[in-house]
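Trainee: Okay, so here is data29.cif, and as you'll see once you scroll down, it has mmCIF, C-alpha atoms and all ligand atoms.
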```cif
data_input
loop_
_atom_site.label_atom_id
_atom_site.label_comp_id
_atom_site.auth_asym_id
_atom_site.auth_seq_id
_atom_site.Cartn_x
_atom_site.Cartn_y
_atom_site.Cartn_z
CA MET Q 1 0.00 0.00 0.00
CA ASN Q 2 2.73 2.47 0.94
CA ASP Q 3 5.95 0.49 0.65
CA GLY Q 4 7.99 3.40 -0.73
CA LYS Q 5 8.66 5.48 2.37
CA ASP Q 6 9.94 4.51 5.79
CA TRP Q 7 7.18 5.92 7.95
CA TYR Q 8 8.91 4.79 11.12
CA ALA Q 9 12.07 6.77 10.32
CA TRP Q 10 9.89 9.70 9.24
CA HIS Q 11 9.30 10.42 12.93
CA SER Q 12 13.03 10.97 13.74
CA PRO Q 13 12.99 14.81 13.42
CA TYR Q 14 10.56 14.93 16.34
CA THR Q 15 13.58 14.37 18.63
CA ASP Q 16 15.07 17.70 17.42
CA THR Q 17 12.92 20.31 19.12
CA GLY Q 18 14.02 22.98 16.63
CA SER Q 19 13.00 21.04 13.54
CA PRO Q 20 10.04 22.26 11.46
CA LEU Q 21 8.32 18.92 12.10
CA ALA Q 22 8.65 19.41 15.86
CA GLN Q 23 7.34 22.97 15.50
CA ARG Q 24 4.37 21.64 13.57
CA LEU Q 25 3.77 19.03 16.26
CA GLY Q 26 3.84 21.73 18.93
CA LEU Q 27 1.15 23.70 17.11
CA VAL Q 28 -1.05 20.63 16.67
CA GLN Q 29 -0.64 19.78 20.37
CA GLN Q 30 -1.52 23.36 21.30
CA HIS Q 31 -4.71 23.18 19.23
CA ILE Q 32 -5.68 19.84 20.81
CA ALA Q 33 -5.19 21.29 24.31
CA GLU Q 34 -7.19 24.42 23.41
CA TRP Q 35 -9.98 22.25 22.03
CA LEU Q 36 -10.11 20.29 25.30
CA ASP Q 37 -10.08 23.49 27.35
CA GLY Q 38 -12.92 24.83 25.20
CA ARG Q 39 -15.16 21.88 26.09
CA PRO Q 40 -14.61 21.45 29.84
CA GLY Q 41 -16.16 18.48 31.61
CA GLU Q 42 -17.69 16.89 28.50
CA PRO Q 43 -17.00 13.30 27.52
CA LEU Q 44 -15.29 13.64 24.14
CA SER Q 45 -14.08 11.42 21.32
CA VAL Q 46 -11.07 11.80 19.06
CA VAL Q 47 -10.06 10.01 15.89
CA SER Q 48 -6.60 10.47 14.42
CA MET Q 49 -6.27 9.53 10.77
CA CYS Q 50 -2.80 8.14 9.85
CA ALA Q 51 -1.77 8.71 13.44
CA GLY Q 52 1.85 7.62 13.14
CA GLN Q 53 3.28 7.15 16.63
CA GLY Q 54 0.58 9.37 18.11
CA HIS Q 55 2.91 12.09 19.40
CA ASP Q 56 0.21 14.74 19.10
CA VAL Q 57 -2.77 13.28 20.92
CA LEU Q 58 -0.83 10.99 23.30
CA THR Q 59 1.45 13.78 24.52
CA VAL Q 60 -1.49 16.06 25.23
CA LEU Q 61 -3.55 13.38 26.97
CA SER Q 62 -0.64 12.22 29.10
CA SER Q 63 -0.19 15.77 30.39
CA ARG Q 64 -3.81 16.22 31.45
CA ARG Q 65 -5.72 15.30 34.56
CA ASP Q 66 -8.94 15.08 32.53
CA ALA Q 67 -7.58 12.54 30.01
CA ARG Q 68 -10.12 9.93 31.03
CA ARG Q 69 -13.02 11.91 29.65
CA VAL Q 70 -11.50 11.44 26.20
CA SER Q 71 -11.94 8.28 24.12
CA ALA Q 72 -9.42 8.30 21.31
CA THR Q 73 -8.89 6.03 18.32
CA LEU Q 74 -5.58 6.23 16.45
CA ILE Q 75 -5.67 4.66 12.99
CA GLU Q 76 -2.23 3.83 11.62
CA TYR Q 77 -1.07 1.41 8.96
CA ASP Q 78 2.63 0.84 9.78
CA PRO Q 79 2.92 -1.90 12.43
CA ARG Q 80 6.13 -0.39 13.88
CA ASN Q 81 4.39 2.92 14.56
CA VAL Q 82 1.37 1.06 15.94
CA ALA Q 83 3.69 -0.79 18.34
CA VAL Q 84 5.31 2.46 19.54
CA ALA Q 85 1.93 4.11 20.13
CA ARG Q 86 0.51 1.04 21.88
CA ALA Q 87 3.53 0.77 24.17
CA ARG Q 88 3.10 4.40 25.16
CA VAL Q 89 -0.61 3.94 25.80
CA VAL Q 90 0.21 1.12 28.22
CA ALA Q 91 3.17 2.91 29.85
CA GLU Q 92 1.17 6.08 30.44
CA ASP Q 93 -2.03 4.26 31.39
CA LEU Q 94 -4.10 5.97 28.70
CA CYS Q 95 -6.79 3.34 29.06
CA LYS Q 96 -9.34 5.08 26.79
CA VAL Q 97 -7.01 5.20 23.80
CA THR Q 98 -7.24 2.50 21.12
CA VAL Q 99 -4.52 2.16 18.50
CA MET Q 100 -5.84 0.35 15.42
CA GLN Q 101 -3.62 -1.07 12.73
CA ALA Q 102 -5.84 -0.30 9.77
CA ASP Q 103 -6.15 1.57 6.49
CA ALA Q 104 -7.41 5.07 7.26
CA GLY Q 105 -8.32 5.51 3.59
CA ASP Q 106 -11.06 2.92 3.96
CA LEU Q 107 -14.22 4.28 5.58
CA ALA Q 108 -14.89 0.86 7.14
CA SER Q 109 -11.91 1.45 9.46
CA TYR Q 110 -13.87 4.19 11.25
CA SER Q 111 -16.94 2.14 12.14
CA ASN Q 112 -16.16 1.95 15.87
CA ALA Q 113 -14.55 5.37 16.11
CA VAL Q 114 -17.05 7.89 14.79
CA PRO Q 115 -18.83 10.25 15.02
CA ALA Q 116 -15.87 11.99 16.65
CA ASP Q 117 -15.71 15.36 18.38
CA LEU Q 118 -12.17 15.91 17.13
CA VAL Q 119 -10.66 14.58 13.90
CA ILE Q 120 -6.90 14.94 13.55
CA MET Q 121 -5.54 14.87 10.01
CA ALA Q 122 -1.83 15.57 10.49
CA GLY Q 123 0.49 14.55 7.69
CA VAL Q 124 -2.30 13.29 5.47
CA LEU Q 125 -3.29 15.97 2.94
CA GLY Q 126 0.27 16.40 1.63
CA ASN Q 127 0.70 12.70 0.96
CA ILE Q 128 -2.38 12.09 -1.18
CA GLY Q 129 -3.50 13.38 -4.58
CA ASN Q 130 -5.60 16.51 -4.91
CA ALA Q 131 -8.75 14.57 -5.85
CA ASP Q 132 -8.29 12.35 -2.79
CA ALA Q 133 -7.71 15.41 -0.58
CA ARG Q 134 -10.98 16.88 -1.78
CA ALA Q 135 -12.79 13.54 -1.33
CA THR Q 136 -11.38 13.18 2.20
CA ILE Q 137 -12.49 16.67 3.23
CA HIS Q 138 -15.92 16.05 1.73
CA ALA Q 139 -16.14 12.76 3.68
CA LEU Q 140 -15.50 14.51 7.01
CA PRO Q 141 -19.23 15.08 7.74
CA ARG Q 142 -19.43 11.26 7.91
CA LEU Q 143 -16.71 11.20 10.58
CA CYS Q 144 -17.64 14.31 12.59
CA ALA Q 145 -20.16 14.70 15.39
CA ALA Q 146 -22.14 17.95 15.53
CA ASP Q 147 -19.81 20.85 16.44
CA ALA Q 148 -16.72 18.72 15.87
CA THR Q 149 -13.31 20.22 15.25
CA VAL Q 150 -10.84 19.12 12.59
CA ILE Q 151 -7.13 19.86 13.01
CA TRP Q 152 -5.18 19.39 9.79
CA THR Q 153 -1.76 20.07 8.35
CA ARG Q 154 -0.48 20.59 4.82
CA THR Q 155 2.81 21.59 3.27
CA ARG Q 156 2.74 24.86 1.32
CA ARG Q 157 5.36 23.64 -1.14
CA ALA Q 158 4.51 25.09 -4.58
CA PRO Q 159 1.93 24.77 -5.94
CA ASP Q 160 0.43 25.64 -2.55
CA LEU Q 161 -2.88 23.77 -2.25
CA THR Q 162 -3.88 25.30 1.09
CA PRO Q 163 -6.08 28.11 -0.35
CA THR Q 164 -8.05 25.47 -2.25
CA ILE Q 165 -8.16 23.16 0.76
CA ARG Q 166 -9.67 25.96 2.83
CA THR Q 167 -12.44 26.47 0.24
CA TRP Q 168 -13.09 22.71 0.25
CA PHE Q 169 -13.58 22.87 4.03
CA ALA Q 170 -16.07 25.73 3.61
CA ASP Q 171 -17.93 23.78 0.91
CA ALA Q 172 -18.14 20.74 3.21
CA GLY Q 173 -19.80 22.71 6.04
CA PHE Q 174 -16.82 23.89 8.09
CA THR Q 175 -15.92 27.28 9.55
CA GLU Q 176 -12.26 28.20 9.84
CA LYS Q 177 -11.08 28.81 13.41
CA ALA Q 178 -7.35 29.09 12.74
CA PHE Q 179 -4.83 28.83 9.95
CA THR Q 180 -1.16 29.16 10.84
CA ALA Q 181 1.47 29.37 8.13
CA PRO Q 182 4.71 30.47 9.81
CA ALA Q 183 7.42 32.29 7.87
CA GLY Q 184 10.53 30.33 7.01
CA VAL Q 185 8.92 26.89 7.00
CA LEU Q 186 6.66 25.11 4.55
CA PHE Q 187 4.15 23.53 6.91
CA SER Q 188 0.78 24.96 7.82
CA VAL Q 189 -1.77 23.97 10.43
CA GLY Q 190 -5.50 24.56 10.11
CA VAL Q 191 -8.38 24.24 12.54
CA HIS Q 192 -11.95 24.01 11.28
CA ARG Q 193 -15.20 23.70 13.20
CA PHE Q 194 -17.99 21.58 11.72
CA THR Q 195 -21.14 23.67 11.49
CA GLY Q 196 -23.02 21.40 9.11
CA ALA Q 197 -25.22 18.37 9.78
CA PRO Q 198 -23.42 15.09 10.47
CA LEU Q 199 -23.94 12.32 7.90
CA PRO Q 200 -24.04 8.58 8.54
CA LEU Q 201 -20.82 6.70 7.93
CA ALA Q 202 -21.03 4.75 4.69
CA ALA Q 203 -19.98 1.22 5.62
CA THR Q 204 -17.49 0.99 2.78
CA GLY Q 205 -15.71 3.28 0.39
CA ARG Q 206 -12.20 4.56 -0.20
CA ILE Q 207 -11.42 8.21 0.48
CA PHE Q 208 -7.66 8.23 -0.21
CA ARG Q 209 -4.52 6.29 -1.06
CA PHE Q 210 -1.08 7.47 0.01
CA LEU Q 211 1.11 8.38 -2.97
CA GLN Q 212 4.39 7.09 -1.49
C1 LIG S 1 3.30 11.96 7.51
S1 LIG S 1 3.08 10.68 8.68
C2 LIG S 1 2.08 11.50 9.91
C3 LIG S 1 2.04 10.79 11.23
C4 LIG S 1 1.30 11.55 12.33
N1 LIG S 1 -0.04 11.89 11.96
C5 LIG S 1 2.07 12.79 12.72
O1 LIG S 1 1.73 13.88 12.23
O2 LIG S 1 3.01 12.67 13.50
C6 LIG S 1 1.90 9.71 7.82
C7 LIG S 1 1.53 8.41 8.54
O3 LIG S 1 0.46 7.80 7.83
C8 LIG S 1 0.65 6.40 7.85
N2 LIG S 1 -0.14 5.84 6.74
C9 LIG S 1 0.14 5.84 5.43
N3 LIG S 1 -0.87 5.31 4.73
C10 LIG S 1 -1.81 4.98 5.64
C11 LIG S 1 -3.11 4.41 5.54
N4 LIG S 1 -3.63 4.08 4.37
N5 LIG S 1 -3.81 4.20 6.67
C12 LIG S 1 -3.30 4.54 7.88
N6 LIG S 1 -2.08 5.10 8.04
C13 LIG S 1 -1.36 5.31 6.92
C14 LIG S 1 2.15 6.22 7.75
O4 LIG S 1 2.56 4.95 8.21
C15 LIG S 1 2.64 7.38 8.63
O5 LIG S 1 2.81 6.95 9.96
#
```
Turn this file's structure into structure tokens for me.
Mentor:
Amino acid sequence: MNDGKDWYAWHSPYTDTGSPLAQRLGLVQQHIAEWLDGRPGEPLSVVSMCAGQGHDVLTVLSSRRDARRVSATLIEYDPRNVAVARARVVAEDLCKVTVMQADAGDLASYSNAVPADLVIMAGVLGNIGNADARATIHALPRLCAADATVIWTRTRRAPDLTPTIRTWFADAGFTEKAFTAPAGVLFSVGVHRFTGAPLPLAATGRIFRFLQ
């Protein structure tokens, strides 16, 4: 499915706190924490699409006293990353986090995880074709609960697709809450709030394939 790239090694720059990837991670973590703070006391659900080793959601949950009000499902294809995330879940006693080894491009993988109050799409939209990116954004109403938030990232390497991505979010029933595109780096991080009506999850159907 995605035999070309070593998605385990891809995580290495996270150990360098000055790397653009670590900066991106910090922003995503900040948005997750702000989302939690914005919905105090509520039981909440999270799904992370192509979750990798889960550094975003696991780091935030492990730092919070209210982690147990959050049920999270991490969907990741690479078994090495799944093993790292699962080991951390056990070590940090994050008992309401499930790490699934599954294809996040297949809607069937979400059947036990949605509708979610937060959908994390970090490192997805830059690794799939433009038609798949559009299809994935348009499928989000099937994954989102009412008033859900989506946190997403996308490189701005030319040709920068982020202006188009932001219009796709609007078309799919989302309101932009934040879009951060720091100078000197190529990454960007967006936060959109779902203001449309949730749709049922279609049992099957492919929304994307990774290009590499
Ligand atoms: C760019 S990394 C992002 C990882 C993580 N979201 C982060 O930002 O740290 C992309 C991840 O998607 C995973 N992946 C690729 N294709 C996938 C698929 N079809 N289903 C689930 N995960 C997939 C890779 O193994 C890799 O861990």
Trainee: Please compute the atom CA of Val97 of chain Q-atom O2 of ligand LIG 1 (chain S) distance, one decimal, in Å.
Mentor: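 Between atom CA of Val97 of chain Q and atom O2 of ligand LIG 1 (chain S) the gap works out to 16.2 Å.
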Trainee: Given all atoms listed in the file, how would the per-residue table for segment 34-92 of chain Q near segment 98-121 of chain Q read, listing every residue at most 6 Å away with its closest atom pair and distance in Å to one decimal, sorted by chain and number, as CSV?
Mentor:
```
residue,atom,partner,partner_atom,distance
Q:Ser45,CA,Q:Ala116,CA,5.0
Q:Val46,CA,Q:Leu118,CA,4.7
Q:Val47,CA,Q:Val119,CA,5.0
Q:Ser48,CA,Q:Ile120,CA,4.6
Q:Met49,CA,Q:Met121,CA,5.4
Q:Thr73,CA,Q:Thr98,CA,4.8
Q:Leu74,CA,Q:Val99,CA,4.7
Q:Ile75,CA,Q:Met100,CA,5.0
Q:Glu76,CA,Q:Gln101,CA,5.2
Q:Tyr77,CA,Q:Ala102,CA,5.1
```
Trainee: Restricting the calculation to all atoms listed in the file: of Q:Cys144, Q:Val191, Q:Ala51, Q:Ala158, which residue gets closest to Ile32 of chain Q?
Mentor: Q:Val191
Trainee: If I take atom C6 of ligand LIG 1 (chain S) and atom CA of Phe208 of chain Q, how far is one from the other in Å, to one decimal?
Mentor: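 Separation of atom C6 of ligand LIG 1 (chain S) and atom CA of Phe208 of chain Q: 12.6 Å.
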Trainee: Would you mind telling me which residue in Q:Val90, Q:Leu140, Q:Ala146, Q:Ala22 lies nearest to ligand LIG 1 (chain S) when using all atoms listed in the file?
Mentor: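 Checking each of Q:Val90, Q:Leu140, Q:Ala146, Q:Ala22 against ligand LIG 1 (chain S), counting all atoms listed in the file, the winner is Q:Ala22.
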Trainee: Report, in Å to a single decimal, how far apart atom CA of Gln53 of chain Q and atom CA of Val84 of chain Q are.
Mentor: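 Between atom CA of Val84 of chain Q and atom CA of Gln53 of chain Q the gap is 5.9 Å.
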Trainee: Around all the atoms of ligand LIG 1 (chain S) listed in the file, with 5 Å of room on each side, what axis-aligned box do you get, giving centre and edge lengths in Å to one decimal, as JSON?
Mentor:
```
{"center_x": -0.3, "center_y": 9.0, "center_z": 8.9, "size_x": 17.1, "size_y": 19.8, "size_z": 19.1}
```
Trainee: So which one's closest to ligand LIG 1 (chain S), Q:Gly52, Q:Pro200, Q:Pro141, Q:Gly184? Using only C-alpha atoms and all ligand atoms, please.
Mentor: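 Ranked by minimum distance to ligand LIG 1 (chain S), first place goes to Q:Gly52.
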Trainee: Smallest atom-to-atom distance to ligand LIG 1 (chain S): which of Q:Asp93, Q:Asp6, Q:Asp66, Q:Asp171, using only C-alpha atoms and all ligand atoms?
Mentor: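 Among the listed residues, the smallest separation from ligand LIG 1 (chain S) belongs to Q:Asp6.
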Trainee: With distances taken over all atoms listed in the file, which of Q:Asn127, Q:Gln29, Q:Ser19, Q:Thr59 is nearest to ligand LIG 1 (chain S)?
Mentor: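 Checking each of Q:Asn127, Q:Gln29, Q:Ser19, Q:Thr59 against ligand LIG 1 (chain S), counting all atoms listed in the file, the winner is Q:Asn127.
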Trainee: Nearest residue to ligand LIG 1 (chain S) out of Q:Lys96, Q:His11, Q:Arg134, Q:Arg142, using all atoms listed in the file?
Mentor: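 With all atoms listed in the file as the atom set, the closest residue is Q:His11.
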Trainee: Do a neighbour search on Ala122 of chain Q at 9 Å with all atoms listed in the file, toss out local chain neighbours closer than 3 positions, and write the hits as a list in words.
Mentor: Leu25, Val28, Ser48, Met49, Cys50, Ala51, Asp56, Leu125, Ile151, Trp152, Thr153, Arg154 and Val189 of chain Q
Trainee: I'd like the neighbourhood of Ser62 of chain Q as a PyMOL selection string, where a residue qualifies if any of its atoms comes within 9 Å (using all atoms listed in the file), though same-chain residues fewer than 2 positions away should be ignored.
Mentor: chain Q and resi 57-60+64-65+67+89+92-94
Trainee: How would the residues just picked look written out with C-alpha atoms as a short mmCIF file (atom, residue, chain, number, x, y, z; two decimals), in the frame of the given file?
Mentor:
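Result went into selection-v2.cif, see below:
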```cif
data_model
loop_
_atom_site.label_atom_id
_atom_site.label_comp_id
_atom_site.auth_asym_id
_atom_site.auth_seq_id
_atom_site.Cartn_x
_atom_site.Cartn_y
_atom_site.Cartn_z
CA VAL Q 57 -2.77 13.28 20.92
CA LEU Q 58 -0.83 10.99 23.30
CA THR Q 59 1.45 13.78 24.52
CA VAL Q 60 -1.49 16.06 25.23
CA ARG Q 64 -3.81 16.22 31.45
CA ARG Q 65 -5.72 15.30 34.56
CA ALA Q 67 -7.58 12.54 30.01
CA VAL Q 89 -0.61 3.94 25.80
CA GLU Q 92 1.17 6.08 30.44
CA ASP Q 93 -2.03 4.26 31.39
CA LEU Q 94 -4.10 5.97 28.70
#
```
Trainee: Generate the coordinates of N, CA, C and O atoms for segment 47-60 of chain Q; report them as a PDB file, in the coordinates of the input.
Mentor:
```pdb
ATOM      1  N   VAL Q  47     -10.626  10.986  16.823  1.00  0.00           N
ATOM      2  CA  VAL Q  47     -10.060  10.010  15.890  1.00  0.00           C
ATOM      3  C   VAL Q  47      -8.886  10.680  15.184  1.00  0.00           C
ATOM      4  O   VAL Q  47      -8.972  11.830  14.760  1.00  0.00           O
ATOM      5  N   SER Q  48      -7.775   9.967  15.133  1.00  0.00           N
ATOM      6  CA  SER Q  48      -6.600  10.470  14.420  1.00  0.00           C
ATOM      7  C   SER Q  48      -6.346   9.565  13.231  1.00  0.00           C
ATOM      8  O   SER Q  48      -6.119   8.370  13.370  1.00  0.00           O
ATOM      9  N   MET Q  49      -6.402  10.204  12.069  1.00  0.00           N
ATOM     10  CA  MET Q  49      -6.270   9.530  10.770  1.00  0.00           C
ATOM     11  C   MET Q  49      -4.773   9.440  10.441  1.00  0.00           C
ATOM     12  O   MET Q  49      -4.089  10.449  10.501  1.00  0.00           O
ATOM     13  N   CYS Q  50      -4.239   8.263  10.143  1.00  0.00           N
ATOM     14  CA  CYS Q  50      -2.800   8.140   9.850  1.00  0.00           C
ATOM     15  C   CYS Q  50      -1.990   8.707  11.012  1.00  0.00           C
ATOM     16  O   CYS Q  50      -1.194   9.639  10.856  1.00  0.00           O
ATOM     17  N   ALA Q  51      -2.212   8.121  12.171  1.00  0.00           N
ATOM     18  CA  ALA Q  51      -1.770   8.710  13.440  1.00  0.00           C
ATOM     19  C   ALA Q  51      -0.284   8.607  13.683  1.00  0.00           C
ATOM     20  O   ALA Q  51       0.238   9.238  14.615  1.00  0.00           O
ATOM     21  N   GLY Q  52       0.424   7.798  12.888  1.00  0.00           N
ATOM     22  CA  GLY Q  52       1.850   7.620  13.140  1.00  0.00           C
ATOM     23  C   GLY Q  52       2.054   7.042  14.534  1.00  0.00           C
ATOM     24  O   GLY Q  52       1.372   6.112  14.949  1.00  0.00           O
ATOM     25  N   GLN Q  53       2.997   7.620  15.272  1.00  0.00           N
ATOM     26  CA  GLN Q  53       3.280   7.150  16.630  1.00  0.00           C
ATOM     27  C   GLN Q  53       2.433   7.877  17.680  1.00  0.00           C
ATOM     28  O   GLN Q  53       2.617   7.675  18.883  1.00  0.00           O
ATOM     29  N   GLY Q  54       1.540   8.737  17.209  1.00  0.00           N
ATOM     30  CA  GLY Q  54       0.580   9.370  18.110  1.00  0.00           C
ATOM     31  C   GLY Q  54       1.143  10.485  18.973  1.00  0.00           C
ATOM     32  O   GLY Q  54       0.556  10.837  20.001  1.00  0.00           O
ATOM     33  N   HIS Q  55       2.262  11.084  18.539  1.00  0.00           N
ATOM     34  CA  HIS Q  55       2.910  12.090  19.400  1.00  0.00           C
ATOM     35  C   HIS Q  55       1.993  13.266  19.727  1.00  0.00           C
ATOM     36  O   HIS Q  55       2.151  13.897  20.775  1.00  0.00           O
ATOM     37  N   ASP Q  56       1.071  13.572  18.846  1.00  0.00           N
ATOM     38  CA  ASP Q  56       0.210  14.740  19.100  1.00  0.00           C
ATOM     39  C   ASP Q  56      -0.792  14.431  20.215  1.00  0.00           C
ATOM     40  O   ASP Q  56      -0.719  14.971  21.317  1.00  0.00           O
ATOM     41  N   VAL Q  57      -1.688  13.501  19.961  1.00  0.00           N
ATOM     42  CA  VAL Q  57      -2.770  13.280  20.920  1.00  0.00           C
ATOM     43  C   VAL Q  57      -2.255  12.607  22.199  1.00  0.00           C
ATOM     44  O   VAL Q  57      -2.686  12.958  23.306  1.00  0.00           O
ATOM     45  N   LEU Q  58      -1.299  11.694  22.090  1.00  0.00           N
ATOM     46  CA  LEU Q  58      -0.830  10.990  23.300  1.00  0.00           C
ATOM     47  C   LEU Q  58      -0.090  11.935  24.233  1.00  0.00           C
ATOM     48  O   LEU Q  58      -0.247  11.872  25.460  1.00  0.00           O
ATOM     49  N   THR Q  59       0.711  12.834  23.669  1.00  0.00           N
ATOM     50  CA  THR Q  59       1.450  13.780  24.520  1.00  0.00           C
ATOM     51  C   THR Q  59       0.486  14.701  25.265  1.00  0.00           C
ATOM     52  O   THR Q  59       0.652  14.968  26.455  1.00  0.00           O
ATOM     53  N   VAL Q  60      -0.538  15.169  24.558  1.00  0.00           N
ATOM     54  CA  VAL Q  60      -1.490  16.060  25.230  1.00  0.00           C
ATOM     55  C   VAL Q  60      -2.257  15.296  26.307  1.00  0.00           C
ATOM     56  O   VAL Q  60      -2.355  15.755  27.457  1.00  0.00           O
TER      57      VAL Q  60
END
```
